[in-house]
>>> print(open('protein-v2.cif').read())   # mmCIF, C-alpha atoms
data_entry
loop_
_atom_site.label_atom_id
_atom_site.label_comp_id
_atom_site.auth_asym_id
_atom_site.auth_seq_id
_atom_site.Cartn_x
_atom_site.Cartn_y
_atom_site.Cartn_z
CA MET A 249 0.51 -43.43 16.46
CA LYS A 250 2.70 -40.97 18.27
CA ARG A 251 5.70 -41.45 16.03
CA PHE A 252 3.73 -39.84 13.20
CA VAL A 253 3.21 -36.61 15.10
CA PRO A 254 6.49 -35.02 13.92
CA LEU A 255 5.66 -36.03 10.36
CA LEU A 256 2.22 -34.47 10.63
CA VAL A 257 3.70 -31.28 12.08
CA PHE A 258 6.23 -31.26 9.24
CA ILE A 259 3.53 -31.73 6.60
CA GLY A 260 1.53 -28.96 8.23
CA LEU A 261 4.49 -26.58 8.06
CA VAL A 262 5.22 -27.53 4.44
CA GLY A 263 1.59 -26.74 3.65
CA LEU A 264 1.77 -23.40 5.43
CA PHE A 265 5.01 -22.29 3.75
CA GLY A 266 3.85 -23.64 0.41
CA PHE A 267 0.72 -21.55 0.70
CA GLY A 268 2.88 -18.52 1.48
CA ILE A 269 4.97 -19.04 -1.66
CA TRP A 270 1.92 -19.68 -3.82
CA TRP A 271 0.09 -16.66 -2.42
CA ASN A 272 3.03 -14.35 -2.95
CA SER A 273 3.67 -15.60 -6.46
CA TRP A 274 0.48 -14.02 -7.80
CA HIS A 275 -0.77 -11.69 -5.09
CA ASP A 276 0.45 -8.10 -5.49
CA ALA A 277 1.37 -6.76 -2.07
CA ARG A 278 0.97 -3.23 -3.39
CA TYR A 279 -2.66 -3.83 -4.26
CA VAL A 280 -4.91 -2.26 -1.66
CA PRO A 281 -8.67 -2.44 -2.31
CA SER A 282 -10.09 1.05 -2.62
CA PRO A 283 -12.68 2.10 -0.05
CA LEU A 284 -14.21 4.28 -2.79
CA ILE A 285 -15.80 1.43 -4.76
CA ASP A 286 -19.58 1.97 -5.03
CA LYS A 287 -19.22 5.45 -3.56
CA PRO A 288 -19.70 8.69 -5.48
CA ALA A 289 -16.51 9.86 -7.12
CA PRO A 290 -15.06 12.91 -5.36
CA ASP A 291 -15.90 16.28 -6.83
CA PHE A 292 -13.20 17.70 -8.98
CA ALA A 293 -12.54 20.69 -11.20
CA LEU A 294 -9.42 20.27 -13.28
CA PRO A 295 -8.08 22.00 -16.39
CA LYS A 296 -7.90 20.29 -19.75
CA LEU A 297 -4.38 19.36 -20.70
CA ASP A 298 -4.74 20.84 -24.18
CA ALA A 299 -6.69 23.90 -23.13
CA PRO A 300 -5.73 24.86 -19.55
CA ASP A 301 -8.24 27.70 -19.52
CA GLN A 302 -11.12 25.22 -19.79
CA THR A 303 -12.16 23.41 -16.63
CA VAL A 304 -13.67 19.94 -16.52
CA THR A 305 -15.78 19.09 -13.49
CA LYS A 306 -17.35 15.91 -12.23
CA ALA A 307 -20.79 17.36 -13.01
CA SER A 308 -19.84 18.06 -16.62
CA LEU A 309 -19.03 14.37 -17.18
CA LEU A 310 -22.22 12.99 -15.62
CA GLY A 311 -24.78 11.24 -17.79
CA LYS A 312 -22.70 8.51 -19.35
CA PRO A 313 -20.15 6.08 -17.98
CA TYR A 314 -16.46 6.67 -18.62
CA LEU A 315 -13.08 5.25 -17.71
CA LEU A 316 -10.79 7.58 -15.82
CA ASN A 317 -7.22 6.50 -16.46
CA VAL A 318 -4.50 7.99 -14.26
CA PHE A 319 -1.21 8.30 -16.11
CA ALA A 320 1.90 10.45 -16.27
CA SER A 321 4.79 10.90 -18.64
CA TRP A 322 7.25 10.03 -15.84
CA CYS A 323 5.46 6.78 -15.03
CA VAL A 324 7.23 3.71 -16.38
CA ALA A 325 4.32 1.33 -15.93
CA CYS A 326 2.08 3.76 -17.84
CA ALA A 327 4.27 3.36 -20.90
CA GLU A 328 3.77 -0.36 -20.49
CA GLU A 329 0.01 0.07 -20.35
CA HIS A 330 -0.18 2.60 -23.16
CA PRO A 331 -0.09 0.18 -26.15
CA VAL A 332 -2.91 -1.81 -24.56
CA LEU A 333 -5.09 1.29 -24.35
CA MET A 334 -4.17 2.23 -27.92
CA ALA A 335 -5.19 -1.21 -29.15
CA ASP A 336 -8.20 -2.01 -27.00
CA GLY A 337 -9.35 1.38 -25.70
CA ARG A 338 -11.89 1.98 -28.47
CA ALA A 339 -13.38 -1.48 -28.08
CA LEU A 340 -14.30 -0.78 -24.44
CA GLY A 341 -17.29 1.19 -25.75
CA ILE A 342 -17.06 4.06 -23.28
CA PRO A 343 -15.11 7.32 -23.38
CA LEU A 344 -11.57 7.24 -22.04
CA VAL A 345 -10.68 10.20 -19.87
CA GLY A 346 -6.97 10.61 -19.20
CA TYR A 347 -5.92 11.94 -15.80
CA ASP A 348 -2.46 13.39 -16.05
CA TYR A 349 -1.06 12.96 -12.55
CA LYS A 350 1.61 15.25 -11.08
CA ASP A 351 3.13 15.94 -14.41
CA VAL A 352 4.65 18.87 -16.22
CA PRO A 353 1.98 19.71 -18.85
CA ASP A 354 4.57 20.13 -21.60
CA ASP A 355 6.05 16.69 -20.83
CA ALA A 356 2.60 15.13 -20.90
CA ARG A 357 1.68 16.78 -24.19
CA ARG A 358 4.96 15.63 -25.76
CA TRP A 359 4.47 12.10 -24.39
CA LEU A 360 1.00 11.89 -25.92
CA ARG A 361 2.23 13.32 -29.23
CA GLU A 362 5.02 10.77 -29.43
CA HIS A 363 3.07 7.72 -28.35
CA GLY A 364 -0.37 8.70 -29.58
CA SER A 365 -3.35 9.50 -27.38
CA PRO A 366 -5.91 6.83 -26.55
CA TYR A 367 -8.01 9.42 -24.71
CA ASP A 368 -11.14 11.31 -25.67
CA LEU A 369 -10.27 13.97 -23.13
CA VAL A 370 -7.29 14.59 -20.88
CA ILE A 371 -7.44 16.51 -17.61
CA ALA A 372 -4.33 17.62 -15.74
CA ASP A 373 -3.73 17.49 -12.01
CA GLN A 374 -0.30 18.97 -11.65
CA PRO A 375 -0.33 19.54 -7.87
CA GLY A 376 -1.88 16.10 -7.24
CA ARG A 377 -4.34 17.46 -4.70
CA THR A 378 -7.46 15.99 -6.35
CA ALA A 379 -5.69 12.66 -6.73
CA ILE A 380 -5.59 12.37 -2.94
CA ASP A 381 -9.40 12.52 -2.93
CA PHE A 382 -9.38 9.68 -5.45
CA GLY A 383 -7.00 7.69 -3.26
CA VAL A 384 -4.42 7.51 -6.03
CA TYR A 385 -1.12 6.13 -4.80
CA GLY A 386 0.55 4.84 -7.90
CA ALA A 387 -0.05 5.44 -11.56
CA PRO A 388 -1.40 3.87 -13.63
CA GLU A 389 -4.78 3.48 -12.00
CA SER A 390 -8.14 3.16 -13.74
CA PHE A 391 -11.54 4.10 -12.36
CA LEU A 392 -14.79 3.05 -13.99
CA ILE A 393 -17.30 5.80 -13.20
CA ASP A 394 -20.95 5.26 -14.06
CA ALA A 395 -23.53 7.70 -15.43
CA LYS A 396 -24.46 8.85 -11.92
CA GLY A 397 -20.84 9.58 -11.03
CA VAL A 398 -20.35 6.51 -8.83
CA ILE A 399 -17.01 4.65 -8.89
CA ARG A 400 -17.89 1.08 -9.84
CA TYR A 401 -14.55 -0.52 -10.39
CA LYS A 402 -10.91 0.33 -9.87
CA HIS A 403 -7.79 -1.26 -11.21
CA ILE A 404 -4.37 -0.45 -9.78
CA GLY A 405 -1.42 -1.01 -12.06
CA PRO A 406 -1.28 -1.40 -15.83
CA LEU A 407 -4.37 -2.67 -17.62
CA THR A 408 -3.56 -5.81 -19.58
CA PRO A 409 -5.71 -7.62 -22.15
CA GLU A 410 -6.34 -10.30 -19.49
CA VAL A 411 -7.46 -7.79 -16.86
CA ILE A 412 -9.71 -6.08 -19.41
CA ALA A 413 -11.32 -9.37 -20.49
CA ARG A 414 -11.68 -10.78 -16.98
CA GLU A 415 -12.63 -7.71 -14.93
CA LEU A 416 -12.99 -4.42 -16.72
CA GLN A 417 -15.20 -5.42 -19.66
CA PRO A 418 -17.75 -7.28 -17.48
CA ALA A 419 -17.88 -4.24 -15.17
CA ILE A 420 -18.40 -1.93 -18.16
CA ASP A 421 -21.14 -4.19 -19.53
CA ALA A 422 -22.92 -4.11 -16.18
CA VAL A 423 -22.74 -0.32 -16.03
CA LYS A 424 -23.94 0.05 -19.62
CA ARG A 425 -26.93 -2.22 -19.01
CA GLU A 426 -28.09 0.26 -16.36
CA ALA A 427 -27.59 3.40 -18.43
CA PRO A 428 -27.14 2.66 -22.12
CA MET B 705 6.26 0.12 -9.95
CA SER B 706 5.33 3.72 -10.09
CA ALA B 707 6.94 5.79 -7.41
CA ARG B 708 8.63 8.79 -8.85
CA THR B 709 10.99 9.06 -5.92
CA PRO B 710 12.51 5.73 -5.00
CA CYS B 711 12.12 4.54 -1.45
CA ARG B 712 15.24 5.64 0.31
CA SER B 713 16.21 4.46 3.74
CA GLY B 714 18.47 6.30 6.16
CA PHE B 715 22.23 6.24 6.30
CA SER B 716 23.84 2.89 6.76
CA ARG B 717 25.78 2.66 9.95
CA ASP B 718 28.09 -0.19 9.18
CA SER B 719 30.54 2.04 7.38
CA MET B 720 31.44 4.16 10.42
CA PRO B 721 35.13 5.14 10.35
CA ARG B 722 37.38 4.55 13.33
CA ARG B 723 37.83 7.39 15.75
CA SER B 724 41.35 8.36 14.68
CA GLN B 725 40.16 8.97 11.15
CA LEU B 726 37.21 10.98 12.25
CA LYS B 727 38.63 14.49 12.43
CA PRO B 728 39.91 14.95 8.88
CA LEU B 729 36.86 13.11 7.62
CA LEU B 730 34.60 15.42 9.56
CA ARG B 731 36.34 18.45 8.13
CA MET B 732 35.95 17.10 4.63
CA ALA B 733 32.34 16.23 5.22
CA LEU B 734 31.61 19.73 6.50
CA LEU B 735 33.29 21.22 3.47
CA ALA B 736 31.35 18.96 1.16
CA LEU B 737 28.17 19.85 2.99
CA LEU B 738 28.84 23.56 2.52
CA VAL B 739 29.56 23.14 -1.15
CA PHE B 740 26.67 20.88 -1.94
CA ALA B 741 24.07 22.03 0.54
CA GLY B 742 22.34 24.31 -1.92
CA HIS B 743 22.32 21.63 -4.56
CA ALA B 744 21.12 18.88 -2.30
CA PHE B 745 18.18 20.83 -1.01
CA ALA B 746 17.09 21.92 -4.41
CA ALA B 747 17.40 18.47 -5.95
CA SER B 748 16.45 15.89 -3.36
CA GLY B 749 13.53 17.63 -1.74
CA ALA B 750 14.54 16.68 1.77
CA ILE B 751 11.78 16.44 4.36
CA GLU B 752 10.39 19.92 3.99
CA PRO B 753 10.17 22.32 6.90
CA LEU B 754 6.60 23.25 7.75
CA PRO B 755 5.57 26.47 9.46
CA PHE B 756 4.26 25.04 12.72
CA LYS B 757 2.45 27.31 15.16
CA ASP B 758 4.43 26.04 18.12
CA HIS B 759 6.50 23.12 19.33
CA ALA B 760 3.48 21.24 20.65
CA GLN B 761 1.93 21.22 17.20
CA GLU B 762 5.16 19.96 15.67
CA VAL B 763 5.33 17.10 18.18
CA ARG B 764 1.70 16.26 17.43
CA PHE B 765 2.43 16.27 13.69
CA GLN B 766 5.46 14.01 14.08
CA ASN B 767 3.53 11.64 16.30
CA LEU B 768 0.59 11.46 13.90
CA THR B 769 2.60 10.97 10.71
CA LYS B 770 4.53 8.16 12.37
CA GLN B 771 1.28 6.23 12.73
CA LEU B 772 0.43 6.56 9.06
CA ARG B 773 1.75 4.39 6.28
CA CYS B 774 3.18 5.67 3.04
CA MET B 775 1.16 3.94 0.32
CA VAL B 776 4.04 4.06 -2.15
CA CYS B 777 6.83 2.73 0.06
CA GLN B 778 4.68 0.48 2.16
CA ASN B 779 7.27 -0.26 4.81
CA GLU B 780 7.82 3.39 5.53
CA ASN B 781 5.69 5.71 7.56
CA LEU B 782 4.56 9.09 6.38
CA ALA B 783 7.04 10.90 8.62
CA ASP B 784 10.10 9.19 7.15
CA SER B 785 9.19 8.54 3.57
CA ASN B 786 10.73 10.51 0.78
CA ALA B 787 8.17 9.45 -1.80
CA ASP B 788 6.37 12.18 -3.67
CA LEU B 789 2.97 11.13 -2.42
CA ALA B 790 4.20 11.06 1.17
CA ARG B 791 5.30 14.68 0.79
CA ASP B 792 1.86 15.62 -0.52
CA LEU B 793 0.14 13.76 2.29
CA ARG B 794 2.34 15.36 4.94
CA LEU B 795 1.29 18.73 3.59
CA GLU B 796 -2.33 17.58 3.60
CA VAL B 797 -2.08 16.44 7.23
CA PHE B 798 -0.45 19.75 8.12
CA GLN B 799 -3.22 21.73 6.46
CA LEU B 800 -5.93 19.68 8.14
CA MET B 801 -4.24 20.42 11.46
CA GLN B 802 -4.31 24.13 10.69
CA GLN B 803 -8.04 23.77 10.10
CA GLY B 804 -8.36 22.51 13.66
CA LYS B 805 -9.10 18.86 12.81
CA SER B 806 -8.43 16.30 15.52
CA ASP B 807 -6.04 13.36 15.07
CA ALA B 808 -9.01 10.99 14.76
CA GLU B 809 -10.61 13.16 12.06
CA ILE B 810 -7.37 13.34 10.10
CA LYS B 811 -6.95 9.57 10.28
CA GLN B 812 -10.53 9.07 9.13
CA TYR B 813 -9.93 11.48 6.26
CA LEU B 814 -7.06 9.30 5.04
CA VAL B 815 -8.86 6.01 5.72
CA ASP B 816 -11.80 7.23 3.61
CA ARG B 817 -9.41 7.62 0.68
CA TYR B 818 -6.79 4.94 1.18
CA SER B 819 -8.57 2.34 3.38
CA ASP B 820 -7.45 1.05 6.78
CA PHE B 821 -4.16 0.15 5.21
CA VAL B 822 -2.82 3.66 5.88
CA LEU B 823 -3.01 2.96 9.61
CA TYR B 824 -0.08 1.07 11.06
CA ASP B 825 -2.35 0.07 13.91
CA PRO B 826 -5.21 -1.88 12.33
CA PRO B 827 -8.65 -1.18 13.83
CA LEU B 828 -10.44 -3.93 15.73
CA LYS B 829 -13.33 -5.23 13.60
CA PRO B 830 -14.59 -8.61 12.34
CA GLY B 831 -12.16 -8.60 9.42
CA THR B 832 -9.18 -8.20 11.71
CA TRP B 833 -10.16 -10.56 14.53
CA LEU B 834 -7.78 -13.21 13.27
CA LEU B 835 -5.00 -10.63 13.17
CA TRP B 836 -5.67 -9.40 16.69
CA PHE B 837 -6.52 -12.64 18.44
CA GLY B 838 -4.76 -15.20 16.22
CA PRO B 839 -1.45 -15.04 18.12
CA LEU B 840 -3.31 -15.34 21.42
CA ALA B 841 -5.24 -18.36 20.09
CA ILE B 842 -2.02 -20.02 18.95
CA LEU B 843 -0.44 -19.33 22.33
CA LEU B 844 -3.44 -20.86 24.11
CA ALA B 845 -3.40 -23.89 21.81
CA GLY B 846 0.30 -24.35 22.54
CA GLY B 847 -0.41 -24.03 26.26
CA VAL B 848 -3.09 -26.71 26.02
CA VAL B 849 -0.75 -29.07 24.17
CA VAL B 850 2.02 -28.56 26.73
CA THR B 851 -0.37 -28.98 29.68
CA VAL B 852 -1.81 -32.18 28.25
CA ALA B 853 1.66 -33.55 27.55
CA ILE B 854 2.92 -32.78 31.06
CA ARG B 855 -0.19 -34.16 32.71
CA ARG B 856 -0.01 -37.33 30.72
CA ARG B 857 3.65 -37.80 31.54
CA ASN B 858 3.08 -37.22 35.23
CA ARG B 859 0.11 -39.54 35.34
CA GLY B 860 1.55 -42.34 33.25
CA ASN B 861 5.08 -41.59 34.36
CA GLY B 862 6.54 -42.02 30.96
CA ALA B 863 4.00 -44.50 29.62
CA ILE B 864 4.20 -43.17 26.07
CA ASP B 865 2.26 -45.74 24.18
CA ASP B 866 -1.44 -45.08 24.63
CA ASP B 867 -2.38 -48.54 23.48
CA LYS B 868 -0.69 -50.18 26.42
CA PRO B 869 -2.34 -49.70 29.81
CA ALA B 870 -0.19 -47.78 32.27
CA ASP B 871 1.62 -50.33 34.32
CA GLY B 872 2.34 -48.20 37.35
CA ARG B 873 6.08 -47.78 36.81
CA GLN B 874 7.56 -45.00 38.91
CA ALA B 875 9.55 -41.91 38.07
CA GLY B 876 12.95 -43.54 37.83
CA ASN B 877 12.75 -44.56 34.20
CA ALA B 878 11.45 -41.31 32.79
CA PRO B 879 14.74 -40.20 31.14
CA ALA B 880 14.78 -43.36 29.04
CA ASP B 881 11.62 -42.20 27.29
CA MET B 882 12.75 -38.69 26.51
CA GLY B 883 13.98 -39.49 23.04
CA ASP B 884 10.66 -40.86 21.95
CA ASP B 885 8.47 -38.16 23.39
CA TRP B 886 7.97 -35.19 21.01
#
>>> encode(input="protein-v2.cif", output="C-alpha cells")
Amino acid sequence: MKRFVPLLVFIGLVGLFGFGIWWNSWHDARYVPSPLIDKPAPDFALPKLDAPDQTVTKASLLGKPYLLNVFASWCVACAEEHPVLMADGRALGIPLVGYDYKDVPDDARRWLREHGSPYDLVIADQPGRTAIDFGVYGAPESFLIDAKGVIRYKHIGPLTPEVIARELQPAIDAVKREAP
Amino acid sequence: MSARTPCRSGFSRDSMPRRSQLKPLLRMALLALLVFAGHAFAASGAIEPLPFKDHAQEVRFQNLTKQLRCMVCQNENLADSNADLARDLRLEVFQLMQQGKSDAEIKQYLVDRYSDFVLYDPPLKPGTWLLWFGPLAILLAGGVVVTVAIRRRNRGNGAIDDDKPADGRQAGNAPADMGDDW
C-alpha cells in the first residue's frame, strides 16, 4: 500500500497544477466583481459630448432601463468592441448611453464620426471624477441600469456577441419584464 | 487591456556601472537631466507633488496609499503606480484627507467603489477564511503527518509494512528501511 503514496501525492499535484492552468486559461485576472451590482447607480451630472452646455443627470435618465457604455477614443479595446455595438446595439432593445471616459472631447467626436456612433446619447467625463464613483478602472465597461436607477449588471472589457447572448441579453430581458 | 499609461516599474539595478566609470557618467547624467527635466515632467506626469499641510500628513498619505492597490496595474500599489487612474485616486485620497476623513473611512470609500480588491490586506470574513487560515491548516496537516510517521517509526522501529505484525526488532536496522519510507 505504502509504495503508492508517492504516486498519489504526484497525482494530487498534477491535479492541482492542472487546475491552475485550466483556471488561468479562461479566468481574467483583471476581472473584479463590482460591489455596485444591485445598488443604486451613483448620482452624476455630466455634459453631453455634442452639446457641452447641456447637462445629463441620473434623474433625467430614470424611468426606462439603459446601457451605460464606458469608452474612450484612446482605448484600444473599445475599438475592438465598437463593431459589436454597431451591429448588435439596436437589437438590445434599450437605449445605449455612451460614457466618454477621460477623453479630449474633440478626439471623441472625431472617433465617433469616423467609426460611427452606436449611442443614443453620449455624456463626457473628461476629469474622470464621476467614473471613480462608478468604480471604473478600465474601459470599456458596460453598466445595465434599470428604470429605478439601480445597476443590475456590469461587464468589464469588450462586449462580444457571446457575452451579449449569454449574459447581457438575459439581464436586459429580466429588467424589461419589470418595467416594460 | 485598457490602461492609458503602461505599468512602469522602477529603474533596473543590474546595469550599474563600475565605480571608475561613475564620475563622467554622473556628469553626463546631470547634464541630460538639466536638458530634459522640463520635458520629462511635462510629458511623463511623474508622481505629482501634493500640497500637504505638514510632514505628518505626508507620511500618513504615503502609508495609506501603500496599502491600496492600483486597479489598472494590479501588482502595483497606489503610491507607486504611474497609471492614470492611480493618479486620479491619489488625488481623491488626498482630497478626502483634507476633508478630515480617517484612514478607515477613506479605505471604505474605495472599497464601496472597487470592492475589497483595492486593499492589499484582505479583510477577515467568511469568504476569506480559506485565504487566512488555509496555510495554517496545511501546516497543521503536515505536522500531523510528520508526527504520525515518527510515532509509527519509533513504535514499530522501522516496521514499514502495516500488514505484517511488528516483530519487535530493535533500532539497529532502521537505516536499512530509509529508502522505502516516504
>>> residues_around(input="protein-v2.cif", residues="stretch 298-315 of chain A", least_positions_apart="2", cutoff="7 Å", atoms="all atoms listed in the file", output="list of chain:residue names")
A:Asp291, A:Phe292, A:Ala293, A:Leu294, A:Pro295, A:Lys296, A:Asn317, A:Ile342, A:Pro343, A:Leu344, A:Val345, A:Ser390, A:Phe391, A:Leu392, A:Ile393, A:Asp394, A:Ala395, A:Lys396, A:Gly397
>>> residues_around(input="protein-v2.cif", residues="A:Arg278", least_positions_apart="2", cutoff="10 Å", atoms="only C-alpha atoms", output="VMD selection string")
(chain A and resid 275 to 276 280 to 281 385 to 386 404 to 405) or (chain B and resid 705 775 to 778)
>>> resolve_selection(input="protein-v2.cif", expression="the PyMOL selection byres ((chain A) within 7 of (chain B))", output="list in words")
Ser282, Pro283, Leu284, Cys323, Val324, Ala325, Asp381, Phe382, Gly383, Tyr385, Gly386 and Ala387 of chain A
>>> resolve_selection(input="protein-v2.cif", expression="the PyMOL selection byres ((chain B and resi 771) around 10)", output="PyMOL selection string")
chain B and resi 766-770+772-774+781-783+811+822-825
>>> resolve_selection(input="protein-v2.cif", expression="the PyMOL selection byres ((chain A and resi 331-333) around 9)", output="PyMOL selection string")
chain A and resi 327-330+334-338+363+365-367+406-409
>>> atom_distance(input="protein-v2.cif", atom1="atom CA of A:Ser321", atom2="atom CA of A:Asp355")
6.3 Å
>>> atom_distance(input="protein-v2.cif", atom1="atom CA of A:Ala277", atom2="atom CA of B:Asn779")
11.2 Å
>>> atom_distance(input="protein-v2.cif", atom1="atom CA of B:Pro753", atom2="atom CA of B:Glu780")
19.1 Å
>>> closest_residue(input="protein-v2.cif", among="A:Ala339, A:Ile259, A:Ala320, A:Ile412", to="A:Val352", atoms="only C-alpha atoms")
A:Ala320
>>> residues_around(input="protein-v2.cif", residues="A:Leu340", least_positions_apart="5", cutoff="9 Å", atoms="all atoms listed in the file", output="VMD selection string")
chain A and resid 412 416 to 417 420
>>> residues_around(input="protein-v2.cif", residues="A:Asp351", least_positions_apart="6", cutoff="9 Å", atoms="all atoms listed in the file", output="list in words")
Phe319, Ala320, Ser321, Trp322, Ala372, Asp373, Gln374, Pro375 and Gly376 of chain A
